[in-house]
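Reproduced below: data-v1.txt, with compact mmCIF, C-alpha atoms.
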# COMPACT_ATOMS: atom_id res chain seq x y z
CA MET A 16 74.02 71.36 111.95
CA LYS A 17 76.71 73.99 111.92
CA LYS A 18 76.11 76.74 114.40
CA GLU A 19 77.70 79.99 113.39
CA GLY A 20 77.14 81.85 116.62
CA VAL A 21 75.45 81.95 119.95
CA LEU A 22 72.95 84.25 121.47
CA ARG A 23 74.92 86.89 123.27
CA PRO A 24 73.83 89.52 125.77
CA VAL A 25 72.71 92.49 123.77
CA ARG A 26 74.77 95.65 124.11
CA GLY A 27 74.67 99.05 122.48
CA LYS A 28 71.44 100.83 121.71
CA ARG A 29 68.77 100.71 124.36
CA ILE A 30 65.31 102.05 123.88
CA LEU A 31 62.42 103.06 126.04
CA ALA A 32 59.78 100.60 124.99
CA ILE A 33 56.48 101.75 126.36
CA LEU A 34 54.48 104.35 124.45
CA ALA A 35 51.19 104.13 126.25
CA ALA A 36 48.00 105.44 124.73
CA GLY A 37 48.06 108.41 127.09
CA GLY A 38 51.70 109.28 126.40
CA LEU A 39 55.15 108.25 127.51
CA THR A 40 55.19 106.41 130.80
CA LEU A 41 58.15 105.64 132.97
CA ALA A 42 56.14 104.49 135.94
CA ALA A 43 57.52 102.04 138.44
CA ALA A 44 57.25 98.42 137.36
CA ALA A 45 53.88 96.89 138.06
CA CYS A 46 53.73 93.73 140.08
CA GLY A 47 51.38 90.80 139.75
CA ASP A 48 50.79 87.63 141.71
CA ALA A 49 49.23 84.43 140.55
CA PRO A 50 45.46 84.26 140.97
CA ASP A 51 44.38 82.74 144.27
CA GLU A 52 42.53 79.90 142.59
CA THR A 53 44.40 77.03 144.22
CA PRO A 54 44.09 76.63 148.01
CA THR A 55 47.48 77.03 149.65
CA GLY A 56 46.72 74.66 152.51
CA GLY A 57 48.05 75.06 156.02
CA SER A 58 51.25 76.56 157.33
CA SER A 59 53.29 73.47 156.38
CA ALA A 60 52.30 73.92 152.73
CA ALA A 61 53.23 77.60 152.88
CA ALA A 62 56.61 76.74 154.39
CA ALA A 63 57.32 74.38 151.50
CA ALA A 64 56.42 76.94 148.86
CA TYR A 65 58.76 77.21 145.86
CA LYS A 66 58.72 80.85 144.89
CA ALA A 67 59.04 81.18 141.10
CA CYS A 68 59.42 84.86 140.20
CA MET A 69 59.45 86.34 136.70
CA VAL A 70 60.66 89.68 135.33
CA THR A 71 58.97 90.42 131.99
CA ASP A 72 60.52 92.19 129.06
CA THR A 73 58.99 95.50 128.00
CA GLY A 74 56.10 93.95 126.09
CA GLY A 75 54.23 93.26 129.32
CA ILE A 76 52.48 90.19 130.69
CA ASP A 77 49.71 90.27 128.07
CA ASP A 78 51.80 90.72 124.91
CA LYS A 79 50.12 87.68 123.25
CA SER A 80 53.68 86.47 122.67
CA PHE A 81 56.81 85.50 124.63
CA ASN A 82 56.06 87.21 127.97
CA ALA A 83 52.58 85.71 128.04
CA SER A 84 54.02 82.30 127.13
CA ALA A 85 56.55 82.41 129.96
CA TRP A 86 53.86 83.38 132.47
CA ALA A 87 51.67 80.55 131.21
CA GLY A 88 54.62 78.26 131.92
CA LEU A 89 54.76 79.40 135.54
CA GLU A 90 51.02 78.89 135.91
CA ALA A 91 51.30 75.43 134.34
CA ALA A 92 54.06 74.58 136.83
CA LYS A 93 51.77 75.65 139.66
CA ALA A 94 49.02 73.40 138.29
CA GLU A 95 51.41 70.44 138.24
CA SER A 96 53.23 71.12 141.52
CA SER A 97 51.05 72.66 144.20
CA ASN A 98 54.02 74.07 146.13
CA VAL A 99 54.93 76.41 143.24
CA ASP A 100 54.12 80.02 144.10
CA PRO A 101 54.44 82.17 140.93
CA LYS A 102 54.59 85.96 140.69
CA TYR A 103 55.87 88.51 138.21
CA VAL A 104 57.04 92.09 137.85
CA ALA A 105 56.46 93.91 134.56
CA SER A 106 59.23 96.05 133.06
CA SER A 107 58.19 99.41 131.63
CA SER A 108 61.64 100.00 130.17
CA GLU A 109 65.03 98.31 130.09
CA ALA A 110 66.00 100.38 133.12
CA ASP A 111 63.59 98.19 135.12
CA TYR A 112 65.42 94.91 134.45
CA GLU A 113 68.04 95.09 137.19
CA PRO A 114 65.71 96.50 139.87
CA GLY A 115 63.17 93.78 139.11
CA LEU A 116 65.76 91.02 139.37
CA ARG A 117 67.29 92.47 142.54
CA SER A 118 63.87 92.80 144.12
CA PHE A 119 63.27 89.08 143.69
CA VAL A 120 66.71 88.27 145.08
CA SER A 121 65.83 90.27 148.20
CA GLN A 122 62.50 88.44 148.40
CA LYS A 123 64.49 85.16 148.40
CA CYS A 124 62.72 83.75 145.37
CA ASP A 125 63.77 80.17 144.65
CA PHE A 126 63.75 80.68 140.87
CA ILE A 127 64.12 84.05 139.16
CA LEU A 128 63.18 84.10 135.49
CA ALA A 129 64.29 86.78 133.03
CA VAL A 130 62.23 86.80 129.83
CA GLY A 131 63.96 87.83 126.62
CA GLY A 132 67.36 88.28 125.03
CA LEU A 133 67.50 91.96 125.95
CA MET A 134 67.76 90.94 129.60
CA GLY A 135 71.04 89.08 129.13
CA ASP A 136 73.37 91.76 130.48
CA ALA A 137 71.22 92.55 133.52
CA THR A 138 70.74 88.88 134.36
CA THR A 139 74.45 88.09 134.07
CA LYS A 140 75.31 91.03 136.33
CA VAL A 141 72.73 90.33 139.04
CA ALA A 142 73.37 86.57 138.97
CA LYS A 143 77.09 87.13 139.45
CA GLU A 144 76.37 89.26 142.52
CA SER A 145 73.81 86.73 143.85
CA ALA A 146 75.59 83.39 143.63
CA ASP A 147 73.17 81.72 146.05
CA SER A 148 70.11 82.48 143.88
CA GLN A 149 68.88 80.33 140.98
CA PHE A 150 68.10 82.22 137.79
CA GLY A 151 66.66 81.24 134.43
CA ILE A 152 66.59 83.18 131.17
CA VAL A 153 64.68 82.83 127.93
CA ASP A 154 66.48 83.52 124.63
CA SER A 155 69.92 84.20 126.04
CA THR A 156 72.85 82.60 127.82
CA SER A 157 75.10 83.55 130.70
CA GLY A 158 78.56 82.65 131.89
CA ASN A 159 77.13 82.14 135.38
CA THR A 160 76.57 78.61 136.64
CA ASN A 161 73.45 79.75 138.52
CA VAL A 162 71.62 80.79 135.32
CA PHE A 163 69.61 78.13 133.46
CA PRO A 164 69.35 79.14 129.77
CA MET A 165 66.32 78.28 127.66
CA GLN A 166 67.02 78.75 123.96
CA PHE A 167 65.23 77.73 120.80
CA ALA A 168 66.28 76.69 117.30
CA THR A 169 63.40 78.70 115.88
CA GLN A 170 65.09 78.92 112.48
CA GLN A 171 63.95 75.31 111.94
CA ALA A 172 60.26 76.05 112.46
CA ALA A 173 60.44 79.38 110.64
CA PHE A 174 61.91 77.51 107.65
CA LEU A 175 58.68 75.48 107.47
CA ALA A 176 56.64 78.69 107.70
CA GLY A 177 58.65 80.26 104.89
CA TYR A 178 58.06 77.22 102.70
CA LEU A 179 54.35 77.39 103.53
CA ALA A 180 54.21 81.09 102.69
CA ALA A 181 55.94 80.52 99.36
CA GLY A 182 53.49 77.75 98.52
CA TYR A 183 50.42 79.70 99.60
CA THR A 184 51.06 83.23 98.31
CA LYS A 185 48.99 84.47 95.42
CA SER A 186 51.05 87.61 94.76
CA GLY A 187 54.45 85.95 94.70
CA LYS A 188 55.66 88.28 97.46
CA VAL A 189 55.80 87.60 101.21
CA ALA A 190 57.25 89.70 104.02
CA THR A 191 58.67 89.72 107.51
CA TYR A 192 59.83 92.41 109.93
CA GLY A 193 61.17 92.47 113.48
CA GLY A 194 60.69 94.36 116.71
CA LEU A 195 64.42 94.88 117.29
CA LYS A 196 67.49 93.67 115.43
CA ILE A 197 68.56 91.11 118.04
CA PRO A 198 69.35 87.38 117.66
CA PRO A 199 66.08 86.04 119.13
CA VAL A 200 64.28 88.02 116.39
CA THR A 201 66.56 87.63 113.38
CA ILE A 202 66.72 83.86 113.88
CA PHE A 203 63.03 83.72 112.87
CA MET A 204 63.66 85.94 109.87
CA ASP A 205 66.64 83.85 108.73
CA GLY A 206 64.61 80.64 108.81
CA PHE A 207 61.65 82.23 107.05
CA TYR A 208 63.87 83.62 104.29
CA ASP A 209 65.59 80.28 103.75
CA GLY A 210 62.27 78.41 103.69
CA VAL A 211 61.05 80.64 100.86
CA GLU A 212 64.33 80.17 98.98
CA TYR A 213 64.13 76.39 99.45
CA HIS A 214 60.64 76.41 97.90
CA ASN A 215 61.94 78.46 95.00
CA LYS A 216 64.81 76.02 94.49
CA THR A 217 62.82 72.80 94.75
CA LYS A 218 59.56 73.91 93.11
CA GLY A 219 60.87 76.35 90.52
CA THR A 220 59.00 79.34 91.95
CA LYS A 221 60.27 82.92 92.20
CA VAL A 222 58.70 84.14 95.42
CA THR A 223 60.29 87.30 96.83
CA VAL A 224 60.87 88.07 100.51
CA ILE A 225 60.34 91.71 101.49
CA GLY A 226 61.65 93.09 104.79
CA TRP A 227 64.67 90.86 105.31
CA ASP A 228 67.84 89.95 103.42
CA LYS A 229 69.57 87.07 105.15
CA THR A 230 72.83 87.50 103.26
CA LYS A 231 73.16 91.15 104.24
CA GLN A 232 71.49 90.63 107.64
CA ASN A 233 69.53 93.76 106.95
CA GLY A 234 65.82 94.51 107.00
CA THR A 235 62.85 96.26 108.54
CA PHE A 236 62.46 96.76 112.29
CA ALA A 237 59.82 98.56 114.36
CA GLU A 238 62.25 99.39 117.21
CA SER A 239 59.50 98.31 119.59
CA PHE A 240 57.67 95.26 120.88
CA VAL A 241 54.58 97.22 121.95
CA ASP A 242 53.81 99.86 119.32
CA GLN A 243 50.81 98.53 117.38
CA ASN A 244 50.55 101.69 115.29
CA LYS A 245 54.11 101.15 114.08
CA GLY A 246 53.16 97.57 113.25
CA LYS A 247 50.25 98.86 111.20
CA SER A 248 52.31 101.38 109.25
CA ILE A 249 55.09 98.90 108.48
CA THR A 250 52.56 96.31 107.34
CA GLN A 251 50.74 98.79 105.14
CA THR A 252 54.06 99.58 103.46
CA LEU A 253 54.87 95.89 102.97
CA VAL A 254 51.41 95.25 101.53
CA SER A 255 51.76 98.25 99.21
CA GLN A 256 54.93 96.60 97.90
CA GLY A 257 52.94 93.50 97.01
CA ALA A 258 53.18 91.21 100.03
CA ASP A 259 50.04 89.20 100.80
CA ILE A 260 51.54 87.25 103.75
CA VAL A 261 53.40 89.00 106.60
CA MET A 262 55.30 87.47 109.53
CA PRO A 263 55.88 90.03 112.31
CA VAL A 264 58.51 88.98 114.86
CA ALA A 265 57.66 91.86 117.13
CA GLY A 266 55.58 90.81 120.12
CA GLY A 267 52.60 93.11 120.71
CA THR A 268 53.69 95.35 117.82
CA GLY A 269 52.61 92.53 115.53
CA LEU A 270 48.99 92.98 116.61
CA GLY A 271 49.02 96.01 114.34
CA THR A 272 49.83 93.66 111.47
CA ALA A 273 46.95 91.41 112.45
CA GLN A 274 44.58 94.38 112.38
CA VAL A 275 45.71 95.40 108.89
CA ALA A 276 45.09 91.84 107.73
CA LYS A 277 41.69 91.84 109.44
CA ASP A 278 40.75 95.04 107.62
CA SER A 279 41.91 93.67 104.26
CA GLY A 280 38.91 91.37 103.88
CA GLY A 281 41.00 88.28 103.26
CA LYS A 282 43.59 89.80 100.94
CA THR A 283 46.36 89.68 103.55
CA SER A 284 47.20 86.90 105.98
CA VAL A 285 49.62 86.66 108.88
CA ILE A 286 52.10 84.15 110.20
CA TRP A 287 52.26 84.73 113.97
CA VAL A 288 55.17 83.78 116.23
CA ASP A 289 55.90 82.35 119.69
CA SER A 290 52.50 80.96 120.74
CA ASP A 291 49.59 79.81 118.57
CA GLY A 292 47.90 83.05 117.60
CA CYS A 293 44.49 81.39 117.53
CA LYS A 294 44.90 80.79 121.27
CA SER A 295 46.84 83.86 122.38
CA ALA A 296 45.10 86.42 120.14
CA GLU A 297 41.97 84.54 119.10
CA GLN A 298 40.17 87.66 117.88
CA TYR A 299 42.54 87.55 114.90
CA CYS A 300 42.39 83.79 114.31
CA ASP A 301 40.75 84.28 110.90
CA VAL A 302 43.92 85.99 109.57
CA PHE A 303 46.55 83.62 111.04
CA LEU A 304 47.78 81.21 108.38
CA THR A 305 49.84 79.49 111.08
CA THR A 306 52.22 80.33 113.92
CA VAL A 307 55.94 79.66 114.30
CA VAL A 308 55.69 78.22 117.79
CA LYS A 309 58.47 78.60 120.32
CA ASN A 310 57.41 76.40 123.22
CA ILE A 311 58.48 78.77 125.97
CA GLN A 312 55.56 77.65 128.13
CA GLU A 313 56.67 74.03 128.29
CA ALA A 314 60.36 74.89 128.75
CA VAL A 315 59.59 77.20 131.67
CA LYS A 316 57.14 74.75 133.20
CA GLU A 317 59.62 71.87 133.10
CA ALA A 318 62.41 73.99 134.62
CA VAL A 319 60.22 75.22 137.48
CA VAL A 320 58.75 71.79 138.22
CA LYS A 321 62.26 70.32 138.36
CA GLY A 322 63.39 73.09 140.67
CA ALA A 323 60.36 72.61 142.90
CA LYS A 324 61.29 68.95 143.25
CA GLY A 325 64.78 69.90 144.37
CA GLU A 326 66.45 68.85 141.13
CA ALA A 327 69.45 70.80 139.87
CA LEU A 328 69.09 73.13 136.89
CA ALA A 329 72.43 72.87 135.11
CA ALA A 330 73.60 75.93 133.20
CA SER A 331 75.26 73.61 130.70
CA PRO A 332 73.73 72.36 128.50
CA GLY A 333 70.57 74.16 129.64
CA TYR A 334 67.63 73.70 127.27
CA VAL A 335 67.48 74.03 123.49
CA GLY A 336 64.10 73.58 121.81
CA THR A 337 64.15 71.95 118.36
CA LEU A 338 61.71 70.38 115.92
CA GLU A 339 62.84 66.99 117.20
CA ASN A 340 61.94 67.62 120.85
CA ASP A 341 58.86 69.75 120.02
CA GLY A 342 60.52 72.82 121.48
CA VAL A 343 59.67 74.59 118.22
CA GLY A 344 57.19 73.88 115.44
CA ILE A 345 54.33 75.33 113.45
CA ALA A 346 50.81 75.52 114.83
CA PRO A 347 47.75 73.98 113.13
CA TYR A 348 46.41 75.87 110.12
CA ASN A 349 43.20 76.43 112.09
CA GLN A 350 40.74 78.41 109.95
CA PHE A 351 43.06 78.08 106.95
CA ASP A 352 43.07 74.28 107.11
CA SER A 353 40.69 73.84 104.17
CA LYS A 354 42.49 76.57 102.19
CA VAL A 355 45.99 75.07 102.31
CA ASP A 356 46.51 72.54 99.54
CA ALA A 357 46.83 68.95 100.78
CA ALA A 358 49.98 68.43 98.72
CA LEU A 359 51.59 71.47 100.35
CA LYS A 360 50.74 70.13 103.80
CA THR A 361 52.38 66.81 102.90
CA GLU A 362 55.49 68.56 101.61
CA ILE A 363 55.81 70.48 104.89
CA ASP A 364 55.44 67.28 106.93
CA THR A 365 58.16 65.66 104.83
CA LEU A 366 60.37 68.72 105.14
CA LYS A 367 60.01 68.65 108.92
CA ALA A 368 61.12 65.01 108.98
CA ASP A 369 64.06 65.81 106.69
CA ILE A 370 65.22 68.65 108.96
CA ILE A 371 65.03 66.38 112.02
CA ALA A 372 66.97 63.68 110.14
CA GLY A 373 69.62 66.17 109.07
CA LYS A 374 68.86 65.78 105.37
CA VAL A 375 67.99 69.47 105.14
CA LYS A 376 70.27 71.90 106.98
CA VAL A 377 68.77 75.07 108.43
CA GLU A 378 71.38 77.52 109.61
CA SER A 379 71.38 80.93 111.23
CA ALA A 380 74.15 83.06 112.69
CA SER A 381 71.75 83.67 115.58
CA ALA A 382 71.12 79.99 116.36
CA PRO A 383 71.96 78.63 119.83
CA ALA A 384 75.14 76.54 120.07
What would the structure in this file look like if it were written as structure tokens?
Amino acid sequence: MKKEGVLRPVRGKRILAILAAGGLTLAAAACGDAPDETPTGGSSAAAAAYKACMVTDTGGIDDKSFNASAWAGLEAAKAESSNVDPKYVASSSEADYEPGLRSFVSQKCDFILAVGGLMGDATTKVAKESADSQFGIVDSTSGNTNVFPMQFATQQAAFLAGYLAAGYTKSGKVATYGGLKIPPVTIFMDGFYDGVEYHNKTKGTKVTVIGWDKTKQNGTFAESFVDQNKGKSITQTLVSQGADIVMPVAGGTGLGTAQVAKDSGGKTSVIWVDSDGCKSAEQYCDVFLTTVVKNIQEAVKEAVVKGAKGEALAASPGYVGTLENDGVGIAPYNQFDSKVDAALKTEIDTLKADIIAGKVKVESASAPA
């Protein structure tokens, strides 16, 4: 598969990402430790602790998306290796990235995880200054040998979701929008767009994608990963334009989309992203057609468990999740299982196999190298 680009540290526009219900908040980052559910044992166990420390992106630890998935990975690592001691600090804005990372360096954390492509610049800078510390980052890379990158070929799984949407829509119009115009977001939108176009080509349909034009790399963005009201308003606009299936690639902002779908009485359905929506946001399970899964949890867990065992985490090649290694995929249809035509399910299974075999090429300028 030709890779047209790599995920690069994001530069340029920076936004303040928290608009709390009570108004704008620029409070100091909130810290959280793992629940004290597992006995720590005696002093020898404490001495052998492997401190795995995570700095969230602005969506917060309970974004029902990538931050929550990464934290679940740390907790899963603790369950597998009892010496793992996980903790996190939540970023209220991008200004909190560097202080959060530096704080964990000073605390002598054994593994410092940055969650999200927006953290690329800060991670590269702090890692360069802290050569003796081991870092990891989700959805970005770094030129530093002490940063373990975890990236995902999510265009492959999103392609399957686009094909599904094109086969399931009743209106002939489907939609997607993003939180920010950054590679870890647009890679989903590229795959979704191409999946719809592939259905049109192979099945003779004329389904339209609203909210993203892959050729022009232009579309609709909320400029936030936390603003549910913005998610609602964007979705209402997309629905008014005829879309009956919407895929938000916007973290917690996408919960606004789920609420619009919930209020539609079955007229609108949602394709969630990152972690199975019926598990991460189960109150909306009845509107989730499927989820484009990015297995951040497993990638983080494996990296931390390896580190806790004293194994090296090589910056090259790092980790790239694909359909072949189950790093990406689509979730079960859950409550839509009986509604999705059996023939369509079979076509998607075949398409997945063809992508893995290289018979169908899925490309994105935002794909990892």
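Among the candidate residues A:Cys68, A:Arg117, A:Val343, A:Lys354, the one lying nearest to Lys93 in chain A is A:Cys68, with distances computed using only C-alpha atoms.
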- Query: Which protein, DNA or RNA residues have an atom at most 10 Å from (52.1, 72.4, 103.1), counting all atoms listed in the file? List them as a list of chain:residue names.
  - Reply: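 The residues that fall inside the cut-off are A:Leu175, A:Ala176, A:Tyr178, A:Leu179, A:Ala180, A:Ala181, A:Gly182, A:Tyr183, A:Tyr348, A:Val355, A:Asp356, A:Ala357, A:Ala358, A:Leu359, A:Lys360, A:Thr361, A:Glu362, A:Ile363, A:Asp364, A:Thr365, A:Leu366.
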Taking C-alpha atoms for each residue, export the selection above as an mmCIF file, keeping the file's coordinate frame.
data_model
loop_
_atom_site.group_PDB
_atom_site.id
_atom_site.type_symbol
_atom_site.label_atom_id
_atom_site.label_comp_id
_atom_site.auth_asym_id
_atom_site.auth_seq_id
_atom_site.Cartn_x
_atom_site.Cartn_y
_atom_site.Cartn_z
ATOM 1 C CA LEU A 175 58.680 75.480 107.470
ATOM 2 C CA ALA A 176 56.640 78.690 107.700
ATOM 3 C CA TYR A 178 58.060 77.220 102.700
ATOM 4 C CA LEU A 179 54.350 77.390 103.530
ATOM 5 C CA ALA A 180 54.210 81.090 102.690
ATOM 6 C CA ALA A 181 55.940 80.520 99.360
ATOM 7 C CA GLY A 182 53.490 77.750 98.520
ATOM 8 C CA TYR A 183 50.420 79.700 99.600
ATOM 9 C CA TYR A 348 46.410 75.870 110.120
ATOM 10 C CA VAL A 355 45.990 75.070 102.310
ATOM 11 C CA ASP A 356 46.510 72.540 99.540
ATOM 12 C CA ALA A 357 46.830 68.950 100.780
ATOM 13 C CA ALA A 358 49.980 68.430 98.720
ATOM 14 C CA LEU A 359 51.590 71.470 100.350
ATOM 15 C CA LYS A 360 50.740 70.130 103.800
ATOM 16 C CA THR A 361 52.380 66.810 102.900
ATOM 17 C CA GLU A 362 55.490 68.560 101.610
ATOM 18 C CA ILE A 363 55.810 70.480 104.890
ATOM 19 C CA ASP A 364 55.440 67.280 106.930
ATOM 20 C CA THR A 365 58.160 65.660 104.830
ATOM 21 C CA LEU A 366 60.370 68.720 105.140
#
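Closest approach to Gly271 in chain A among A:Gly292, A:Gly74, A:Gly219, A:Gly246 is made by A:Gly246 (distances from only C-alpha atoms).
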- Determine the nearest neighbour of Asp289 in chain A from the options A:Ala237, A:Ala146, A:Ala318, A:Ile311, counting all atoms listed in the file. A:Ile311
- Task: Give me the residues within 10 Å of range 322-332 of chain A as a ChimeraX atom specification, counting only C-alpha atoms and dropping any in the same chain fewer than 3 places off.
- Result: /A:63-67,92-93,96-100,125-126,149-151,156-165,316-319,335,384
- For CA of Ser248 in chain A and CA of Asp228 in chain A, quote the distance in Å rounded to one decimal. 20.1 Å
Hey, what's within 7 Å of Ile260 in chain A if we count only C-alpha atoms and toss same-chain stuff fewer than 4 positions away? As an mmCIF file with C-alpha atoms, in the frame of the given file, please?
data_model
loop_
_atom_site.group_PDB
_atom_site.id
_atom_site.type_symbol
_atom_site.label_atom_id
_atom_site.label_comp_id
_atom_site.auth_asym_id
_atom_site.auth_seq_id
_atom_site.Cartn_x
_atom_site.Cartn_y
_atom_site.Cartn_z
ATOM 1 C CA ALA A 180 54.210 81.090 102.690
ATOM 2 C CA THR A 184 51.060 83.230 98.310
ATOM 3 C CA VAL A 189 55.800 87.600 101.210
ATOM 4 C CA ALA A 190 57.250 89.700 104.020
ATOM 5 C CA THR A 283 46.360 89.680 103.550
ATOM 6 C CA SER A 284 47.200 86.900 105.980
ATOM 7 C CA VAL A 285 49.620 86.660 108.880
#
- Please work out which residues fall within 8 Å of (64.0, 99.4, 112.9), coordinates as given in the file, with only C-alpha atoms counting, and return them as a list in words.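 Those residues, ordered by chain and then number, are Gly193, Gly194, Leu195, Lys196, Gly234, Thr235, Phe236, Ala237 and Glu238 of chain A.
Proximity to Ala368 in chain A was assessed for A:Pro383, A:Gly333, A:Gly344, A:Gly187 counting only C-alpha atoms; the smallest distance is recorded for A:Gly344.
With all atoms listed in the file as the atoms that count, the minimum distance from Ser118 in chain A to the choices A:Ala142, A:Val104, A:Ile286, A:Ala85 is reached by A:Val104.
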- Message: Need the shell around Gly75 in chain A: protein/DNA/RNA residues with any atom at most 9 Å away, counting all atoms listed in the file. Skip same-chain ones fewer than 2 positions apart. Format as a list in words?
- Response: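 The contact residues come out as Thr71, Asp72, Thr73, Asp77, Asp78, Asn82, Ala83, Ala105, Ser106, Ser107, Val241 and Gly267 of chain A.
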- Task: Can you work out the spacing between CA of Glu113 in chain A and CA of Thr139 in chain A in Å, to one decimal?
- Result: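 Calculated distance between CA of Glu113 in chain A and CA of Thr139 in chain A is 10.0 Å.
Atom pair CA of Asn244 in chain A / CA of Val288 in chain A has a distance of 18.5 Å (rounded to one decimal).
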- Taking into account all atoms listed in the file, which residue in the set A:Gln274, A:Thr201, A:Thr305, A:Thr191 is nearest to Leu253 in chain A?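 Using all atoms listed in the file, the shortest distance to Leu253 in chain A belongs to A:Thr191.
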Incomplete range 303-309 of chain A filled out to all heavy atoms as a CSV table (one decimal), keeping the file's coordinate frame:
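Written out: result10.csv:
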chain,number,residue,atom,x,y,z
A,303,PHE,N,45.3,84.3,110.8
A,303,PHE,CA,46.6,83.6,111.0
A,303,PHE,C,46.7,82.3,110.2
A,303,PHE,O,46.0,81.4,110.5
A,303,PHE,CB,46.7,83.3,112.5
A,303,PHE,CG,46.8,84.5,113.4
A,303,PHE,CD1,46.2,84.5,114.7
A,303,PHE,CD2,47.6,85.5,113.1
A,303,PHE,CE1,46.3,85.6,115.5
A,303,PHE,CE2,47.8,86.6,113.9
A,303,PHE,CZ,47.1,86.7,115.1
A,304,LEU,N,47.5,82.4,109.2
A,304,LEU,CA,47.8,81.2,108.4
A,304,LEU,C,48.4,80.1,109.2
A,304,LEU,O,48.0,78.9,109.1
A,304,LEU,CB,48.7,81.6,107.2
A,304,LEU,CG,49.2,80.5,106.3
A,304,LEU,CD1,48.0,79.8,105.6
A,304,LEU,CD2,50.1,81.1,105.2
A,305,THR,N,49.3,80.4,110.1
A,305,THR,CA,49.8,79.5,111.1
A,305,THR,C,50.7,80.3,112.0
A,305,THR,O,50.7,81.6,112.0
A,305,THR,CB,50.7,78.4,110.5
A,305,THR,OG1,51.1,77.4,111.5
A,305,THR,CG2,52.0,78.9,109.9
A,306,THR,N,51.3,79.7,113.0
A,306,THR,CA,52.2,80.3,113.9
A,306,THR,C,53.5,79.6,114.0
A,306,THR,O,53.5,78.3,114.0
A,306,THR,CB,51.6,80.4,115.3
A,306,THR,OG1,50.4,81.1,115.3
A,306,THR,CG2,52.6,81.0,116.3
A,307,VAL,N,54.6,80.3,114.0
A,307,VAL,CA,55.9,79.7,114.3
A,307,VAL,C,56.0,79.6,115.8
A,307,VAL,O,56.3,80.6,116.5
A,307,VAL,CB,57.1,80.5,113.7
A,307,VAL,CG1,58.4,79.8,114.0
A,307,VAL,CG2,57.0,80.7,112.2
A,308,VAL,N,55.8,78.4,116.3
A,308,VAL,CA,55.7,78.2,117.8
A,308,VAL,C,57.1,78.0,118.4
A,308,VAL,O,57.9,77.2,118.0
A,308,VAL,CB,54.8,77.0,118.1
A,308,VAL,CG1,54.8,76.7,119.6
A,308,VAL,CG2,53.4,77.3,117.6
A,309,LYS,N,57.3,78.8,119.5
A,309,LYS,CA,58.5,78.6,120.3
A,309,LYS,C,57.9,78.2,121.7
A,309,LYS,O,57.3,79.0,122.3
A,309,LYS,CB,59.3,79.9,120.4
A,309,LYS,CG,60.5,79.8,121.2
A,309,LYS,CD,61.5,81.0,121.0
A,309,LYS,CE,60.9,82.3,121.3
A,309,LYS,NZ,61.8,83.4,121.1
